[in-house]
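The structure appears right after this line, and notes come after that.
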Amino acid sequence: MDIHIKNMVSNRCILIVKSELEKLGLQYVSVHLGVVEIPDDLTEAMYNHVNLNLKKWGLSIITDHKLILIEKIKTIIIDLVHYNDNQLKINFSDYLSQKLNYDYTYMANLFSENQGMTIEHFFLSHKIERVKEFLIYDELNISEIADKMHYSNVAHLSSQFKKITGLTPSQYKHLKVKIRKPLERI
């Protein structure tokens, strides 16, 4: 049985979910971003108990099929941007359609209606948050960041960064207080 979890956006979330399941004595087959596979069905009481424990961490179980699809879209984007350095070989919309087996237009409309932003804006917002992370850690120069984030050039990265943040990457780097959004709030 798969349990779909909202706001599960990081490896830390995976550890939290595993810990909560273990505290409740529940066996799991696997825990990945957005989904937990357990070997047996949960009773309604256990389901509610798990959900209550997850809510303490800002996580929650989702059962609505449309919300599950939206969460899967988010998970794929988060995984691509934050945990995967490989560049896509195909168009992102085609990749998403193939991965989830849904028409991209349907997913885009559903996502926009529910999230108040387009899939593309969500994707771009995550890329910019990742760029901020690289700027804060100061291990790569802007050209290396553009390359790592698969931008065609530094100008393209700078243009998108300024569009989202109102600052150039250089201006952001020199801020005394660097503001980043938690992944689950994008």
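Going by the structure tokens order, chains are called A, B, ..., each with residues numbered from 1, while ligands are numbered from 1 in the order shown.
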Show me, as a ChimeraX atom specification, the residues that have an atom within 8 Å of region 78-92 of chain A when counting only C-alpha atoms, minus same-chain residues fewer than 3 positions from it. /A:9,74-75,95-96,123,126-127,130,148-150
Keeping only N, CA and C atoms, write the selected residues as a PDB file, in the first residue's frame.
```pdb
ATOM      1  N   VAL A   9       9.653  17.087   1.229  1.00  0.00           N
ATOM      2  CA  VAL A   9      10.482  17.707   0.201  1.00  0.00           C
ATOM      3  C   VAL A   9      11.995  17.508   0.357  1.00  0.00           C
ATOM      4  N   LYS A  74       5.283  18.149  -7.937  1.00  0.00           N
ATOM      5  CA  LYS A  74       6.205  18.885  -7.073  1.00  0.00           C
ATOM      6  C   LYS A  74       7.427  18.044  -6.722  1.00  0.00           C
ATOM      7  N   THR A  75       7.192  16.788  -6.390  1.00  0.00           N
ATOM      8  CA  THR A  75       8.282  15.890  -6.002  1.00  0.00           C
ATOM      9  C   THR A  75       9.272  15.696  -7.148  1.00  0.00           C
ATOM     10  N   TYR A  95       9.014  15.200 -20.427  1.00  0.00           N
ATOM     11  CA  TYR A  95       9.552  14.379 -19.336  1.00  0.00           C
ATOM     12  C   TYR A  95       8.483  14.142 -18.268  1.00  0.00           C
ATOM     13  N   LEU A  96       7.810  15.215 -17.869  1.00  0.00           N
ATOM     14  CA  LEU A  96       6.780  15.115 -16.842  1.00  0.00           C
ATOM     15  C   LEU A  96       5.618  14.237 -17.313  1.00  0.00           C
ATOM     16  N   PHE A 123       8.868  25.413 -11.024  1.00  0.00           N
ATOM     17  CA  PHE A 123      10.175  24.873 -11.412  1.00  0.00           C
ATOM     18  C   PHE A 123      11.250  25.955 -11.333  1.00  0.00           C
ATOM     19  N   HIS A 126      12.158  26.963  -7.752  1.00  0.00           N
ATOM     20  CA  HIS A 126      13.057  25.998  -7.119  1.00  0.00           C
ATOM     21  C   HIS A 126      14.481  26.139  -7.649  1.00  0.00           C
ATOM     22  N   LYS A 127      14.615  26.377  -8.944  1.00  0.00           N
ATOM     23  CA  LYS A 127      15.958  26.578  -9.497  1.00  0.00           C
ATOM     24  C   LYS A 127      16.619  27.789  -8.849  1.00  0.00           C
ATOM     25  N   ARG A 130      17.790  27.054  -5.385  1.00  0.00           N
ATOM     26  CA  ARG A 130      19.021  26.247  -5.454  1.00  0.00           C
ATOM     27  C   ARG A 130      20.208  27.134  -5.781  1.00  0.00           C
ATOM     28  N   LYS A 148      26.082  24.217 -13.709  1.00  0.00           N
ATOM     29  CA  LYS A 148      25.529  23.154 -12.851  1.00  0.00           C
ATOM     30  C   LYS A 148      23.998  23.140 -12.894  1.00  0.00           C
ATOM     31  N   MET A 149      23.399  24.315 -13.034  1.00  0.00           N
ATOM     32  CA  MET A 149      21.939  24.423 -13.052  1.00  0.00           C
ATOM     33  C   MET A 149      21.377  24.371 -14.475  1.00  0.00           C
ATOM     34  N   HIS A 150      22.249  24.077 -15.446  1.00  0.00           N
ATOM     35  CA  HIS A 150      21.861  23.855 -16.842  1.00  0.00           C
ATOM     36  C   HIS A 150      21.281  25.093 -17.525  1.00  0.00           C
TER      37      HIS A 150
END
```
So which residues touch region 99-104 of chain A within 9 Å, counting only C-alpha atoms, skipping near sequence neighbours fewer than 3 positions away, as a PyMOL selection string? chain A and resi 69+72-73+76+93-96+107-109
For the residues selected in the previous step, produce a file with N, CA, C and O atoms as a PDB file, in the first residue's frame.
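This went into selection_27.pdb:
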```pdb
ATOM      1  N   LEU A  69      -1.545  13.799  -7.557  1.00  0.00           N
ATOM      2  CA  LEU A  69      -0.861  14.129  -8.809  1.00  0.00           C
ATOM      3  C   LEU A  69      -0.070  15.429  -8.670  1.00  0.00           C
ATOM      4  O   LEU A  69       1.086  15.505  -9.095  1.00  0.00           O
ATOM      5  N   LYS A  72       2.989  14.732  -6.740  1.00  0.00           N
ATOM      6  CA  LYS A  72       3.962  14.002  -7.565  1.00  0.00           C
ATOM      7  C   LYS A  72       4.704  14.960  -8.489  1.00  0.00           C
ATOM      8  O   LYS A  72       5.918  14.827  -8.696  1.00  0.00           O
ATOM      9  N   ILE A  73       3.994  15.917  -9.066  1.00  0.00           N
ATOM     10  CA  ILE A  73       4.629  16.928  -9.922  1.00  0.00           C
ATOM     11  C   ILE A  73       5.670  17.694  -9.119  1.00  0.00           C
ATOM     12  O   ILE A  73       6.814  17.862  -9.550  1.00  0.00           O
ATOM     13  N   ILE A  76       8.764  15.522  -8.351  1.00  0.00           N
ATOM     14  CA  ILE A  76       9.648  15.353  -9.513  1.00  0.00           C
ATOM     15  C   ILE A  76      10.495  16.601  -9.711  1.00  0.00           C
ATOM     16  O   ILE A  76      11.704  16.519  -9.947  1.00  0.00           O
ATOM     17  N   SER A  93       8.314  19.365 -20.211  1.00  0.00           N
ATOM     18  CA  SER A  93       6.892  18.988 -20.262  1.00  0.00           C
ATOM     19  C   SER A  93       6.727  17.552 -20.757  1.00  0.00           C
ATOM     20  O   SER A  93       5.895  16.800 -20.242  1.00  0.00           O
ATOM     21  N   ASP A  94       7.533  17.152 -21.737  1.00  0.00           N
ATOM     22  CA  ASP A  94       7.495  15.765 -22.216  1.00  0.00           C
ATOM     23  C   ASP A  94       7.970  14.797 -21.132  1.00  0.00           C
ATOM     24  O   ASP A  94       7.403  13.722 -20.943  1.00  0.00           O
ATOM     25  N   TYR A  95       9.014  15.200 -20.427  1.00  0.00           N
ATOM     26  CA  TYR A  95       9.552  14.379 -19.336  1.00  0.00           C
ATOM     27  C   TYR A  95       8.483  14.142 -18.268  1.00  0.00           C
ATOM     28  O   TYR A  95       8.256  13.019 -17.830  1.00  0.00           O
ATOM     29  N   LEU A  96       7.810  15.215 -17.869  1.00  0.00           N
ATOM     30  CA  LEU A  96       6.780  15.115 -16.842  1.00  0.00           C
ATOM     31  C   LEU A  96       5.618  14.237 -17.313  1.00  0.00           C
ATOM     32  O   LEU A  96       5.129  13.387 -16.557  1.00  0.00           O
ATOM     33  N   MET A 107      -2.165  18.393 -16.600  1.00  0.00           N
ATOM     34  CA  MET A 107      -1.397  18.591 -15.371  1.00  0.00           C
ATOM     35  C   MET A 107      -1.159  20.073 -15.114  1.00  0.00           C
ATOM     36  O   MET A 107      -1.266  20.538 -13.972  1.00  0.00           O
ATOM     37  N   ALA A 108      -0.834  20.818 -16.164  1.00  0.00           N
ATOM     38  CA  ALA A 108      -0.550  22.249 -16.023  1.00  0.00           C
ATOM     39  C   ALA A 108      -1.785  23.001 -15.529  1.00  0.00           C
ATOM     40  O   ALA A 108      -1.684  23.859 -14.636  1.00  0.00           O
ATOM     41  N   ASN A 109      -2.937  22.686 -16.095  1.00  0.00           N
ATOM     42  CA  ASN A 109      -4.180  23.350 -15.662  1.00  0.00           C
ATOM     43  C   ASN A 109      -4.529  22.993 -14.229  1.00  0.00           C
ATOM     44  O   ASN A 109      -4.887  23.860 -13.430  1.00  0.00           O
TER      45      ASN A 109
END
```
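Using only C-alpha atoms, the protein and nucleic acid residues lying no more than 12 Å from Asp64 (chain A), apart from those fewer than 5 places from it along its own chain, are Ile3, His4, Ile5, Lys6, Leu69, Ile70 and Glu71 of chain A.
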Can I get the selection written as a PDB file, in the first residue's frame, with N, CA, C and O atoms?
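part-v2.pdb, freshly written:
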```pdb
ATOM      1  N   ILE A   3       1.261   5.264   0.695  1.00  0.00           N
ATOM      2  CA  ILE A   3       0.713   6.401   1.429  1.00  0.00           C
ATOM      3  C   ILE A   3       1.389   7.636   0.853  1.00  0.00           C
ATOM      4  O   ILE A   3       2.617   7.736   0.851  1.00  0.00           O
ATOM      5  N   HIS A   4       0.591   8.570   0.354  1.00  0.00           N
ATOM      6  CA  HIS A   4       1.128   9.792  -0.241  1.00  0.00           C
ATOM      7  C   HIS A   4       1.140  10.894   0.807  1.00  0.00           C
ATOM      8  O   HIS A   4       0.147  11.091   1.521  1.00  0.00           O
ATOM      9  N   ILE A   5       2.278  11.584   0.879  1.00  0.00           N
ATOM     10  CA  ILE A   5       2.471  12.565   1.944  1.00  0.00           C
ATOM     11  C   ILE A   5       2.778  13.938   1.349  1.00  0.00           C
ATOM     12  O   ILE A   5       3.671  14.083   0.510  1.00  0.00           O
ATOM     13  N   LYS A   6       2.026  14.921   1.817  1.00  0.00           N
ATOM     14  CA  LYS A   6       2.195  16.302   1.372  1.00  0.00           C
ATOM     15  C   LYS A   6       3.348  16.969   2.115  1.00  0.00           C
ATOM     16  O   LYS A   6       3.573  16.709   3.293  1.00  0.00           O
ATOM     17  N   LEU A  69      -1.545  13.799  -7.557  1.00  0.00           N
ATOM     18  CA  LEU A  69      -0.861  14.129  -8.809  1.00  0.00           C
ATOM     19  C   LEU A  69      -0.070  15.429  -8.670  1.00  0.00           C
ATOM     20  O   LEU A  69       1.086  15.505  -9.095  1.00  0.00           O
ATOM     21  N   ILE A  70      -0.661  16.430  -8.050  1.00  0.00           N
ATOM     22  CA  ILE A  70       0.048  17.703  -7.836  1.00  0.00           C
ATOM     23  C   ILE A  70       1.283  17.479  -6.991  1.00  0.00           C
ATOM     24  O   ILE A  70       2.358  17.998  -7.283  1.00  0.00           O
ATOM     25  N   GLU A  71       1.161  16.682  -5.959  1.00  0.00           N
ATOM     26  CA  GLU A  71       2.308  16.395  -5.086  1.00  0.00           C
ATOM     27  C   GLU A  71       3.390  15.628  -5.845  1.00  0.00           C
ATOM     28  O   GLU A  71       4.579  15.847  -5.649  1.00  0.00           O
TER      29      GLU A  71
END
```
Quick check for you: according to DSSP on this backbone, which residues of region 10-185 of chain A are classed as helix (DSSP H, G or I)? Reply as a compact mmCIF listing (two decimals) with N, CA and C atoms, in the first residue's frame.
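File written: result-v3.txt
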```txt
# COMPACT_ATOMS: atom_id res chain seq x y z
N ASN A 11 15.49 15.11 2.27
CA ASN A 11 15.98 13.89 2.94
C ASN A 11 15.65 13.92 4.43
N ARG A 12 15.62 15.11 4.99
CA ARG A 12 15.26 15.25 6.41
C ARG A 12 13.82 14.79 6.63
N CYS A 13 12.93 15.14 5.68
CA CYS A 13 11.54 14.70 5.77
C CYS A 13 11.44 13.18 5.71
N ILE A 14 12.26 12.57 4.88
CA ILE A 14 12.28 11.11 4.78
C ILE A 14 12.67 10.51 6.13
N LEU A 15 13.68 11.08 6.76
CA LEU A 15 14.11 10.59 8.07
C LEU A 15 13.02 10.77 9.12
N ILE A 16 12.32 11.89 9.07
CA ILE A 16 11.23 12.14 10.02
C ILE A 16 10.13 11.11 9.84
N VAL A 17 9.73 10.87 8.60
CA VAL A 17 8.66 9.91 8.33
C VAL A 17 9.08 8.52 8.81
N LYS A 18 10.29 8.11 8.49
CA LYS A 18 10.77 6.80 8.95
C LYS A 18 10.72 6.71 10.46
N SER A 19 11.18 7.75 11.13
CA SER A 19 11.21 7.77 12.59
C SER A 19 9.80 7.68 13.17
N GLU A 20 8.87 8.43 12.60
CA GLU A 20 7.49 8.40 13.10
C GLU A 20 6.85 7.03 12.89
N LEU A 21 7.11 6.42 11.74
CA LEU A 21 6.57 5.08 11.48
C LEU A 21 7.16 4.06 12.47
N GLU A 22 8.45 4.18 12.72
CA GLU A 22 9.10 3.26 13.66
C GLU A 22 8.56 3.45 15.08
N LYS A 23 8.32 4.72 15.48
CA LYS A 23 7.75 4.98 16.81
C LYS A 23 6.39 4.30 16.97
N GLU A 44 -8.27 2.40 10.07
CA GLU A 44 -8.62 3.82 10.09
C GLU A 44 -7.99 4.51 11.30
N ALA A 45 -7.99 3.83 12.44
CA ALA A 45 -7.41 4.39 13.66
C ALA A 45 -5.91 4.61 13.49
N MET A 46 -5.21 3.62 12.91
CA MET A 46 -3.76 3.75 12.72
C MET A 46 -3.47 4.84 11.68
N TYR A 47 -4.29 4.88 10.63
CA TYR A 47 -4.14 5.90 9.59
C TYR A 47 -4.23 7.30 10.22
N ASN A 48 -5.25 7.50 11.07
CA ASN A 48 -5.43 8.80 11.73
C ASN A 48 -4.28 9.11 12.68
N HIS A 49 -3.76 8.09 13.35
CA HIS A 49 -2.64 8.26 14.27
C HIS A 49 -1.37 8.67 13.51
N VAL A 50 -1.11 8.00 12.40
CA VAL A 50 0.04 8.35 11.58
C VAL A 50 -0.09 9.79 11.09
N ASN A 51 -1.25 10.13 10.58
CA ASN A 51 -1.48 11.48 10.04
C ASN A 51 -1.28 12.53 11.13
N LEU A 52 -1.79 12.27 12.32
CA LEU A 52 -1.64 13.20 13.44
C LEU A 52 -0.16 13.40 13.79
N ASN A 53 0.61 12.31 13.83
CA ASN A 53 2.04 12.41 14.14
C ASN A 53 2.79 13.18 13.06
N LEU A 54 2.42 12.97 11.79
CA LEU A 54 3.09 13.67 10.69
C LEU A 54 2.77 15.16 10.70
N LYS A 55 1.55 15.51 11.10
CA LYS A 55 1.15 16.92 11.11
C LYS A 55 2.00 17.75 12.05
N HIS A 65 -6.99 12.08 -5.42
CA HIS A 65 -6.16 11.72 -6.58
C HIS A 65 -5.56 12.94 -7.27
N LYS A 66 -6.30 14.01 -7.34
CA LYS A 66 -5.77 15.23 -7.99
C LYS A 66 -4.66 15.84 -7.13
N LEU A 67 -4.86 15.86 -5.82
CA LEU A 67 -3.81 16.40 -4.94
C LEU A 67 -2.57 15.50 -4.94
N ILE A 68 -2.78 14.20 -5.07
CA ILE A 68 -1.64 13.28 -5.17
C ILE A 68 -0.85 13.57 -6.44
N LEU A 69 -1.54 13.80 -7.56
CA LEU A 69 -0.86 14.13 -8.81
C LEU A 69 -0.07 15.43 -8.67
N ILE A 70 -0.66 16.43 -8.05
CA ILE A 70 0.05 17.70 -7.84
C ILE A 70 1.28 17.48 -6.99
N GLU A 71 1.16 16.68 -5.96
CA GLU A 71 2.31 16.39 -5.09
C GLU A 71 3.39 15.63 -5.85
N LYS A 72 2.99 14.73 -6.74
CA LYS A 72 3.96 14.00 -7.57
C LYS A 72 4.70 14.96 -8.49
N ILE A 73 3.99 15.92 -9.07
CA ILE A 73 4.63 16.93 -9.92
C ILE A 73 5.67 17.69 -9.12
N LYS A 74 5.28 18.15 -7.94
CA LYS A 74 6.21 18.89 -7.07
C LYS A 74 7.43 18.04 -6.72
N THR A 75 7.19 16.79 -6.39
CA THR A 75 8.28 15.89 -6.00
C THR A 75 9.27 15.70 -7.15
N ILE A 76 8.76 15.52 -8.35
CA ILE A 76 9.65 15.35 -9.51
C ILE A 76 10.49 16.60 -9.71
N ILE A 77 9.88 17.77 -9.59
CA ILE A 77 10.62 19.03 -9.75
C ILE A 77 11.67 19.18 -8.66
N ILE A 78 11.29 18.93 -7.43
CA ILE A 78 12.24 19.05 -6.31
C ILE A 78 13.39 18.08 -6.49
N ASP A 79 13.09 16.87 -6.89
CA ASP A 79 14.15 15.88 -7.11
C ASP A 79 15.09 16.33 -8.23
N LEU A 80 14.52 16.82 -9.33
CA LEU A 80 15.34 17.28 -10.46
C LEU A 80 16.25 18.44 -10.08
N VAL A 81 15.70 19.39 -9.37
CA VAL A 81 16.45 20.62 -9.06
C VAL A 81 17.43 20.43 -7.91
N HIS A 82 17.01 19.76 -6.86
CA HIS A 82 17.81 19.73 -5.63
C HIS A 82 18.64 18.45 -5.43
N PHE A 92 11.11 19.44 -20.72
CA PHE A 92 10.59 19.18 -19.38
C PHE A 92 9.14 18.72 -19.40
N SER A 93 8.31 19.36 -20.21
CA SER A 93 6.89 18.99 -20.26
C SER A 93 6.73 17.55 -20.76
N ASP A 94 7.53 17.15 -21.74
CA ASP A 94 7.49 15.76 -22.22
C ASP A 94 7.97 14.80 -21.13
N TYR A 95 9.01 15.20 -20.43
CA TYR A 95 9.55 14.38 -19.34
C TYR A 95 8.48 14.14 -18.27
N LEU A 96 7.81 15.22 -17.87
CA LEU A 96 6.78 15.11 -16.84
C LEU A 96 5.62 14.24 -17.31
N SER A 97 5.21 14.41 -18.56
CA SER A 97 4.12 13.60 -19.11
C SER A 97 4.49 12.12 -19.15
N GLN A 98 5.72 11.83 -19.57
CA GLN A 98 6.17 10.43 -19.61
C GLN A 98 6.26 9.84 -18.21
N LYS A 99 6.79 10.61 -17.29
CA LYS A 99 7.02 10.13 -15.93
C LYS A 99 5.69 9.82 -15.21
N LEU A 100 4.68 10.66 -15.44
CA LEU A 100 3.43 10.52 -14.71
C LEU A 100 2.29 9.94 -15.54
N TYR A 104 0.30 16.76 -20.48
CA TYR A 104 0.91 17.91 -19.81
C TYR A 104 -0.10 19.05 -19.62
N THR A 105 -0.93 19.31 -20.60
CA THR A 105 -1.91 20.40 -20.49
C THR A 105 -2.85 20.16 -19.31
N TYR A 106 -3.30 18.92 -19.15
CA TYR A 106 -4.16 18.58 -18.01
C TYR A 106 -3.41 18.86 -16.70
N MET A 107 -2.16 18.39 -16.60
CA MET A 107 -1.40 18.59 -15.37
C MET A 107 -1.16 20.07 -15.11
N ALA A 108 -0.83 20.82 -16.16
CA ALA A 108 -0.55 22.25 -16.02
C ALA A 108 -1.78 23.00 -15.53
N ASN A 109 -2.94 22.69 -16.10
CA ASN A 109 -4.18 23.35 -15.66
C ASN A 109 -4.53 22.99 -14.23
N LEU A 110 -4.42 21.71 -13.89
CA LEU A 110 -4.71 21.26 -12.53
C LEU A 110 -3.77 21.92 -11.53
N PHE A 111 -2.49 21.96 -11.86
CA PHE A 111 -1.48 22.55 -10.98
C PHE A 111 -1.77 24.04 -10.76
N SER A 112 -2.02 24.76 -11.84
CA SER A 112 -2.28 26.20 -11.75
C SER A 112 -3.53 26.49 -10.92
N GLU A 113 -4.59 25.73 -11.15
CA GLU A 113 -5.83 25.93 -10.41
C GLU A 113 -5.62 25.72 -8.91
N ASN A 114 -4.84 24.72 -8.56
CA ASN A 114 -4.66 24.35 -7.16
C ASN A 114 -3.58 25.16 -6.46
N GLN A 115 -2.50 25.46 -7.15
CA GLN A 115 -1.34 26.09 -6.53
C GLN A 115 -1.25 27.60 -6.73
N ILE A 119 3.30 25.38 -13.42
CA ILE A 119 4.36 24.40 -13.18
C ILE A 119 5.71 25.04 -13.49
N GLU A 120 5.78 25.80 -14.57
CA GLU A 120 7.03 26.44 -14.97
C GLU A 120 7.53 27.41 -13.90
N HIS A 121 6.60 28.17 -13.31
CA HIS A 121 7.00 29.12 -12.27
C HIS A 121 7.49 28.37 -11.03
N PHE A 122 6.81 27.29 -10.69
CA PHE A 122 7.24 26.46 -9.56
C PHE A 122 8.64 25.92 -9.81
N PHE A 123 8.87 25.41 -11.02
CA PHE A 123 10.18 24.87 -11.41
C PHE A 123 11.25 25.96 -11.33
N LEU A 124 10.96 27.12 -11.89
CA LEU A 124 11.91 28.23 -11.88
C LEU A 124 12.19 28.70 -10.45
N SER A 125 11.16 28.77 -9.63
CA SER A 125 11.34 29.19 -8.23
C SER A 125 12.29 28.25 -7.49
N HIS A 126 12.16 26.96 -7.75
CA HIS A 126 13.06 26.00 -7.12
C HIS A 126 14.48 26.14 -7.65
N LYS A 127 14.62 26.38 -8.94
CA LYS A 127 15.96 26.58 -9.50
C LYS A 127 16.62 27.79 -8.85
N ILE A 128 15.87 28.86 -8.67
CA ILE A 128 16.43 30.08 -8.07
C ILE A 128 16.80 29.83 -6.60
N GLU A 129 15.98 29.09 -5.88
CA GLU A 129 16.34 28.76 -4.48
C GLU A 129 17.62 27.93 -4.43
N ARG A 130 17.79 27.05 -5.38
CA ARG A 130 19.02 26.25 -5.45
C ARG A 130 20.21 27.13 -5.78
N VAL A 131 20.03 28.09 -6.68
CA VAL A 131 21.10 29.04 -7.01
C VAL A 131 21.47 29.84 -5.76
N LYS A 132 20.47 30.28 -5.00
CA LYS A 132 20.74 31.01 -3.75
C LYS A 132 21.60 30.16 -2.82
N GLU A 133 21.26 28.88 -2.72
CA GLU A 133 22.04 27.96 -1.88
C GLU A 133 23.50 27.94 -2.31
N PHE A 134 23.72 27.82 -3.61
CA PHE A 134 25.10 27.82 -4.12
C PHE A 134 25.80 29.14 -3.84
N LEU A 135 25.08 30.25 -3.96
CA LEU A 135 25.68 31.56 -3.69
C LEU A 135 26.06 31.70 -2.22
N ILE A 136 25.22 31.19 -1.35
CA ILE A 136 25.49 31.27 0.09
C ILE A 136 26.71 30.43 0.46
N TYR A 137 26.80 29.23 -0.09
CA TYR A 137 27.93 28.35 0.24
C TYR A 137 29.23 28.83 -0.37
N ILE A 142 29.72 32.14 -10.38
CA ILE A 142 28.43 32.25 -11.06
C ILE A 142 28.39 31.46 -12.37
N SER A 143 29.51 31.40 -13.05
CA SER A 143 29.59 30.64 -14.30
C SER A 143 29.43 29.13 -14.02
N GLU A 144 30.07 28.66 -12.96
CA GLU A 144 29.95 27.25 -12.57
C GLU A 144 28.53 26.92 -12.10
N ILE A 145 27.90 27.88 -11.42
CA ILE A 145 26.52 27.68 -10.97
C ILE A 145 25.60 27.59 -12.18
N ALA A 146 25.78 28.50 -13.15
CA ALA A 146 24.96 28.48 -14.37
C ALA A 146 25.10 27.13 -15.08
N ASP A 147 26.31 26.64 -15.15
CA ASP A 147 26.56 25.35 -15.79
C ASP A 147 25.91 24.21 -15.01
N LYS A 148 26.08 24.22 -13.71
CA LYS A 148 25.53 23.15 -12.85
C LYS A 148 24.00 23.14 -12.89
N VAL A 154 25.50 32.63 -18.31
CA VAL A 154 25.37 33.40 -17.07
C VAL A 154 24.30 34.48 -17.21
N ALA A 155 24.20 35.08 -18.38
CA ALA A 155 23.20 36.14 -18.58
C ALA A 155 21.78 35.60 -18.39
N HIS A 156 21.53 34.39 -18.89
CA HIS A 156 20.21 33.78 -18.72
C HIS A 156 19.92 33.52 -17.25
N LEU A 157 20.88 32.98 -16.52
CA LEU A 157 20.73 32.76 -15.09
C LEU A 157 20.46 34.09 -14.38
N SER A 158 21.27 35.10 -14.66
CA SER A 158 21.13 36.40 -14.00
C SER A 158 19.77 37.02 -14.28
N SER A 159 19.30 36.89 -15.50
CA SER A 159 18.01 37.44 -15.90
C SER A 159 16.87 36.78 -15.12
N GLN A 160 16.88 35.45 -15.04
CA GLN A 160 15.84 34.74 -14.30
C GLN A 160 15.94 35.02 -12.80
N PHE A 161 17.14 35.10 -12.29
CA PHE A 161 17.35 35.37 -10.87
C PHE A 161 16.77 36.73 -10.50
N LYS A 162 17.07 37.73 -11.33
CA LYS A 162 16.57 39.09 -11.06
C LYS A 162 15.05 39.15 -11.20
N LYS A 163 14.51 38.43 -12.16
CA LYS A 163 13.06 38.40 -12.37
C LYS A 163 12.34 37.86 -11.13
N ILE A 164 12.91 36.85 -10.49
CA ILE A 164 12.28 36.22 -9.33
C ILE A 164 12.59 36.97 -8.03
N THR A 165 13.83 37.40 -7.85
CA THR A 165 14.24 37.98 -6.56
C THR A 165 14.29 39.50 -6.55
N PRO A 169 22.45 38.04 -9.05
CA PRO A 169 23.16 37.10 -8.18
C PRO A 169 24.27 37.78 -7.37
N SER A 170 24.97 38.71 -7.96
CA SER A 170 26.05 39.42 -7.25
C SER A 170 25.49 40.25 -6.10
N GLN A 171 24.39 40.95 -6.33
CA GLN A 171 23.77 41.72 -5.26
C GLN A 171 23.32 40.80 -4.13
N TYR A 172 22.72 39.68 -4.49
CA TYR A 172 22.26 38.72 -3.48
C TYR A 172 23.44 38.20 -2.66
N LYS A 173 24.52 37.90 -3.34
CA LYS A 173 25.71 37.35 -2.67
C LYS A 173 26.27 38.32 -1.64
N LEU A 183 11.71 24.89 1.19
CA LEU A 183 11.22 24.20 0.00
C LEU A 183 9.72 23.95 0.05
N GLU A 184 9.19 23.62 1.22
CA GLU A 184 7.77 23.33 1.30
C GLU A 184 6.89 24.58 1.19
N ARG A 185 7.50 25.77 1.20
CA ARG A 185 6.73 27.00 1.09
C ARG A 185 6.80 27.64 -0.29
```
Would you give me, as a list in words, the residues in region 4-139 of chain A that DSSP reads as strand (DSSP E or B)? His4, Ile5, Lys6, Ser30, Val31, His32, Val35, Val36, Glu37, Ser60, Ile61 and Ile62 of chain A
Please, what distance in Å, to one decimal, runs between CA of Asn7 (chain A) and CA of Thr63 (chain A)? 13.8 Å
